[in-house]
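Engineer: I'm passing along model-v6.txt; it holds compact mmCIF, C-alpha atoms.
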# COMPACT_ATOMS: atom_id res chain seq x y z
CA MET A 27 105.16 135.46 -106.30
CA LEU A 28 103.18 136.85 -103.40
CA ALA A 29 100.17 134.68 -104.23
CA GLU A 30 102.35 131.56 -103.96
CA ARG A 31 103.58 132.61 -100.52
CA ILE A 32 100.00 133.23 -99.39
CA ARG A 33 99.11 129.73 -100.58
CA GLU A 34 101.96 128.39 -98.42
CA CYS A 35 100.43 130.27 -95.47
CA ALA A 36 97.12 128.55 -96.16
CA LYS A 37 98.90 125.17 -96.08
CA LEU A 38 100.56 126.00 -92.77
CA ALA A 39 97.26 127.15 -91.29
CA GLY A 40 95.60 123.92 -92.44
CA SER A 41 93.37 125.36 -95.16
CA GLY A 42 92.27 128.58 -96.78
CA ASN A 43 89.25 128.69 -94.50
CA ALA A 44 91.47 128.31 -91.42
CA LEU A 45 93.78 131.09 -92.60
CA ALA A 46 90.80 133.37 -93.25
CA GLU A 47 89.32 132.66 -89.83
CA ARG A 48 92.57 133.12 -87.88
CA SER A 49 93.57 136.27 -89.74
CA GLY A 50 90.13 137.87 -89.71
CA ILE A 51 90.15 138.27 -93.49
CA ALA A 52 86.96 137.61 -95.45
CA ARG A 53 87.13 134.32 -97.36
CA THR A 54 86.28 135.99 -100.67
CA THR A 55 89.03 138.56 -100.13
CA LEU A 56 91.52 135.84 -99.28
CA GLU A 57 90.49 133.93 -102.41
CA ASN A 58 91.47 136.98 -104.48
CA TYR A 59 94.87 137.03 -102.74
CA LEU A 60 95.36 133.30 -103.32
CA ASN A 61 94.56 133.62 -107.02
CA GLY A 62 96.65 136.75 -107.49
CA ARG A 63 93.65 138.87 -108.50
CA SER A 64 94.51 141.44 -105.84
CA GLU A 65 97.34 142.07 -103.39
CA PRO A 66 96.91 142.59 -99.65
CA LYS A 67 97.84 145.78 -97.88
CA ALA A 68 100.30 145.86 -94.98
CA GLY A 69 97.69 145.15 -92.29
CA ALA A 70 96.44 142.03 -94.07
CA LEU A 71 100.01 140.79 -94.59
CA VAL A 72 100.69 141.10 -90.87
CA SER A 73 97.46 139.28 -90.00
CA MET A 74 98.16 136.40 -92.38
CA ALA A 75 101.76 136.09 -91.22
CA LYS A 76 100.68 135.87 -87.59
CA ALA A 77 97.95 133.37 -88.41
CA ALA A 78 100.35 131.08 -90.29
CA GLY A 79 103.35 131.56 -87.99
CA VAL A 80 105.64 132.93 -90.70
CA ARG A 81 107.79 136.01 -90.77
CA VAL A 82 106.14 139.11 -92.21
CA GLU A 83 109.35 139.93 -94.09
CA TRP A 84 109.24 136.58 -95.86
CA LEU A 85 105.55 136.89 -96.74
CA ALA A 86 105.96 140.40 -98.12
CA SER A 87 109.14 139.89 -100.12
CA GLY A 88 110.15 136.24 -100.08
CA GLY A 89 113.43 137.19 -98.42
CA GLY A 90 114.95 135.70 -95.28
CA PRO A 91 113.76 132.72 -93.21
CA MET A 92 110.19 131.62 -93.73
CA LEU A 93 109.28 130.27 -90.31
CA ILE A 94 110.00 131.59 -86.86
CA GLY A 95 112.86 129.62 -85.38
CA CYS A 96 114.37 128.83 -88.79
CA THR A 97 117.82 129.90 -89.87
CA ASP A 98 117.50 129.18 -93.55
CA THR A 99 114.90 129.05 -96.27
CA PRO A 100 114.28 126.73 -99.23
CA GLU A 101 115.48 127.69 -102.70
CA THR A 102 111.90 128.26 -103.84
CA THR A 103 109.18 129.73 -101.71
CA SER A 104 106.77 126.99 -102.79
CA ASP A 105 109.06 124.18 -101.57
CA ILE A 106 107.16 123.53 -98.35
CA SER A 107 108.74 120.08 -98.07
CA ALA A 108 111.77 121.70 -96.43
CA TYR A 109 109.52 122.65 -93.52
CA ARG A 110 107.50 119.52 -92.94
CA ASP A 111 109.08 118.90 -89.55
CA PHE A 112 107.70 121.86 -87.65
CA SER A 113 105.55 122.33 -84.57
CA LEU A 114 102.69 124.78 -84.24
CA ILE A 115 102.80 126.63 -80.91
CA ARG A 116 99.65 128.24 -79.52
CA ARG A 117 99.96 131.97 -79.03
CA LEU A 118 97.81 133.14 -76.13
CA SER A 119 96.34 136.61 -75.80
CA VAL A 120 97.81 136.82 -72.31
CA GLU A 121 100.27 139.55 -71.45
CA ALA A 122 103.11 138.48 -69.17
CA SER A 123 103.93 141.62 -67.24
CA ALA A 124 107.56 142.69 -67.23
CA GLY A 125 106.52 145.68 -65.17
CA TYR A 126 102.98 146.33 -64.05
CA GLY A 127 99.62 144.89 -65.10
CA ALA A 128 98.36 141.70 -66.75
CA LEU A 129 94.85 140.61 -65.86
CA SER A 130 94.60 136.90 -66.55
CA GLY A 131 96.67 133.80 -66.02
CA PRO A 132 98.22 131.48 -68.59
CA GLU A 133 95.66 128.85 -67.69
CA ASP A 134 93.11 130.98 -69.58
CA HIS A 135 93.31 129.07 -72.86
CA ASP A 136 90.09 130.54 -74.24
CA ASN A 137 91.98 133.54 -75.57
CA ASP A 138 94.00 131.98 -78.37
CA ALA A 139 95.71 134.52 -80.61
CA GLY A 140 96.71 132.16 -83.42
CA MET A 141 99.67 129.87 -83.91
CA LEU A 142 103.39 130.29 -84.41
CA ALA A 143 105.43 127.71 -86.32
CA PHE A 144 108.83 126.56 -85.07
CA GLN A 145 111.06 123.86 -86.51
CA SER A 146 110.78 120.82 -84.28
CA ASP A 147 114.53 120.24 -84.42
CA TRP A 148 115.13 123.82 -83.31
CA LEU A 149 112.79 123.37 -80.36
CA HIS A 150 114.50 120.18 -79.29
CA ARG A 151 117.95 121.73 -79.61
CA HIS A 152 116.82 124.42 -77.20
CA GLY A 153 115.35 121.90 -74.78
CA ILE A 154 111.76 122.99 -75.39
CA ASN A 155 108.86 120.57 -75.08
CA PRO A 156 106.70 121.40 -78.17
CA ARG A 157 103.50 120.02 -76.64
CA ALA A 158 103.84 122.20 -73.55
CA ALA A 159 105.17 125.32 -75.27
CA ARG A 160 103.06 128.48 -75.36
CA ALA A 161 103.79 131.91 -76.81
CA LEU A 162 102.98 134.99 -74.73
CA THR A 163 103.57 138.71 -75.17
CA ALA A 164 105.73 140.64 -72.70
CA LYS A 165 104.23 143.79 -71.23
CA GLY A 166 106.23 146.46 -69.44
CA ASP A 167 109.87 147.47 -69.09
CA SER A 168 111.15 145.89 -65.88
CA MET A 169 113.07 143.18 -67.76
CA GLU A 170 114.77 145.56 -70.18
CA PRO A 171 117.18 145.43 -71.86
CA THR A 172 116.85 141.62 -71.97
CA ILE A 173 113.11 141.50 -72.66
CA ARG A 174 111.31 144.52 -74.05
CA ASP A 175 107.69 145.55 -74.09
CA GLY A 176 105.94 143.66 -76.90
CA ASP A 177 108.48 140.84 -77.20
CA ILE A 178 107.18 137.35 -77.90
CA LEU A 179 108.08 134.87 -75.16
CA LEU A 180 108.28 131.14 -75.84
CA VAL A 181 107.42 129.47 -72.54
CA ASP A 182 107.75 125.80 -71.64
CA THR A 183 104.78 125.23 -69.35
CA SER A 184 105.94 121.70 -68.48
CA ILE A 185 108.42 123.40 -66.14
CA ASP A 186 106.27 124.20 -63.11
CA ARG A 187 108.95 124.75 -60.49
CA VAL A 188 112.20 126.68 -60.21
CA ARG A 189 114.98 124.49 -61.55
CA ASP A 190 117.69 127.12 -61.85
CA ASN A 191 118.18 130.86 -61.61
CA ALA A 192 116.49 131.64 -64.92
CA ILE A 193 113.58 133.68 -66.28
CA TYR A 194 110.14 132.32 -65.46
CA VAL A 195 106.50 133.26 -65.95
CA VAL A 196 104.79 133.25 -62.57
CA VAL A 197 101.29 133.98 -61.35
CA LEU A 198 101.09 136.00 -58.16
CA GLY A 199 98.00 137.70 -56.79
CA GLY A 200 96.17 137.31 -60.10
CA LEU A 201 99.05 138.88 -62.08
CA VAL A 202 101.12 137.15 -64.72
CA LEU A 203 104.73 138.23 -64.24
CA VAL A 204 107.99 137.50 -66.04
CA LYS A 205 110.97 137.65 -63.67
CA ARG A 206 114.26 136.02 -62.88
CA LEU A 207 113.76 133.72 -59.91
CA GLN A 208 116.46 132.96 -57.39
CA VAL A 209 115.92 130.31 -54.73
CA ARG A 210 117.54 130.83 -51.33
CA ARG A 211 118.70 128.08 -49.00
CA ASP A 212 115.93 128.88 -46.54
CA GLY A 213 113.28 128.34 -49.23
CA SER A 214 112.65 132.04 -49.85
CA LEU A 215 112.60 133.49 -53.36
CA ARG A 216 113.91 136.62 -55.01
CA LEU A 217 112.00 138.06 -57.97
CA ILE A 218 114.61 139.95 -59.94
CA SER A 219 114.14 142.50 -62.71
CA ASP A 220 116.91 143.07 -65.26
CA ASN A 221 116.07 146.78 -65.29
CA ASP A 222 118.04 148.20 -62.37
CA ARG A 223 115.32 150.79 -61.75
CA PHE A 224 113.28 147.99 -60.18
CA GLU A 225 114.32 146.62 -56.80
CA PRO A 226 114.33 142.83 -56.32
CA GLU A 227 111.30 141.54 -54.46
CA GLU A 228 111.93 139.22 -51.54
CA VAL A 229 109.36 136.48 -50.96
CA PRO A 230 109.66 134.72 -47.56
CA ALA A 231 109.71 130.93 -47.50
CA ASN A 232 106.26 130.77 -45.90
CA GLU A 233 104.82 132.81 -48.80
CA ALA A 234 106.76 131.16 -51.63
CA THR A 235 104.00 128.57 -52.08
CA ASP A 236 101.67 131.42 -53.10
CA ILE A 237 103.70 131.84 -56.29
CA GLN A 238 102.61 129.59 -59.15
CA VAL A 239 105.37 128.88 -61.67
CA ALA A 240 103.56 128.81 -65.01
CA GLY A 241 106.63 128.04 -67.10
CA ARG A 242 110.22 128.88 -67.95
CA VAL A 243 111.02 131.40 -70.67
CA MET A 244 113.11 129.49 -73.18
CA TRP A 245 113.31 132.04 -76.02
CA TYR A 246 112.20 135.54 -76.83
CA GLY A 247 111.97 137.46 -80.07
CA ARG A 248 110.94 140.85 -81.31
CA SER A 249 109.98 142.62 -84.49
CA ILE A 250 111.78 145.73 -85.69
Show the structure stored in the file as structure tokens.

Structural biologist:
Amino acid sequence: MLAERIRECAKLAGSGNALAERSGIARTTLENYLNGRSEPKAGALVSMAKAAGVRVEWLASGGGPMLIGCTDTPETTSDISAYRDFSLIRRLSVEASAGYGALSGPEDHDNDAGMLAFQSDWLHRHGINPRAARALTAKGDSMEPTIRDGDILLVDTSIDRVRDNAIYVVVLGGLVLVKRLQVRRDGSLRLISDNDRFEPEEVPANEATDIQVAGRVMWYGRSI
């Protein structure tokens, strides 16, 4: 039942009050959802799913994986014990620009946009430090087709330097950018876009220190 799945969301959020606060839904309205006296519309379902870190598809229908980063789901939607070993990742209202824009850096933690839940085992298998992980939203098209506008990026902020030629979130000139970084022997950097309409940007060695590596993109996902 939908009410049971909403109650699971309240457990994941910590309480009914926490779910109401994070989703922006009035506590009395949420109480009606929890008791099955009324059913939420699409907008409320999306808000609750984001607040609890579950998939909207699961919340709406009970089908598919429950939590982001999970590949299976328990036999009953109320069997939360199958998901005890999960980590809540802070989602920041910071847009990592895969094109142009982005106004604030990932150090701006005042703009929390809820939590996303990932299985701890899944995070460890992907080499992600749960305590340092943050979720950001990609903005722009320069990293297409790999990363699209609106994709969710899971970033390991414990990685603060270029370790390999991978995709990183960097802060440059007040902008938060998501690019592939390539280190040259002379200490210079190349900021590479996957979209071939964008030319690589060359950063001389004497300017490379101006680039702050905010984290390495370890995973990305999108809704359809």

Engineer: Pick the closest to A:Ser73 from A:Gly50, A:Gly176, A:Pro156, A:Pro171: which is it, counting all atoms listed in the file?

Structural biologist: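 Using all atoms listed in the file, A:Ser73 sits closest to A:Gly50.
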
Engineer: Please tabulate, as CSV, the residues of stretch 142-168 of chain A that come within 12 Å of stretch 223-237 of chain A, each with its closest pair of atoms and the distance in Å to one decimal, counting all atoms listed in the file and ordering rows by chain, then residue number upward.

Structural biologist:
residue,atom,partner,partner_atom,distance
A:Gly166,CA,A:Phe224,CA,11.7
A:Asp167,CA,A:Phe224,CA,9.6
A:Ser168,CA,A:Phe224,CA,6.4

Engineer: Which residue, A:Ser49, A:Asn191, A:Ser146, A:Leu93, has the smallest gap to A:Val72 when you use all atoms listed in the file?

Structural biologist: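 For A:Val72, the nearest of the given residues is A:Ser49.
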
Engineer: Got a sec: who's within 7 Å of stretch 55-69 of chain A, counting all atoms listed in the file, leaving out chain neighbours fewer than 6 positions off, as a PyMOL selection string?

Structural biologist: chain A and resi 29+32-33+46

Engineer: Find the residue from A:Ala192, A:Leu71, A:Ala78, A:Ala39 that sits nearest to A:Asp220; use all atoms listed in the file when measuring.

Structural biologist: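 Using all atoms listed in the file, A:Asp220 sits closest to A:Ala192.
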
Engineer: For atom CA of A:Ala36 and atom CA of A:Lys76, determine how far apart the two atoms are, in Å to one decimal place.

Structural biologist: 11.8 Å

Engineer: Write out as a ChimeraX atom specification the residues lying within 6 Å of A:Val239, counting only C-alpha atoms and excluding same-chain residues fewer than 5 positions away.

Structural biologist: /A:186-187,196
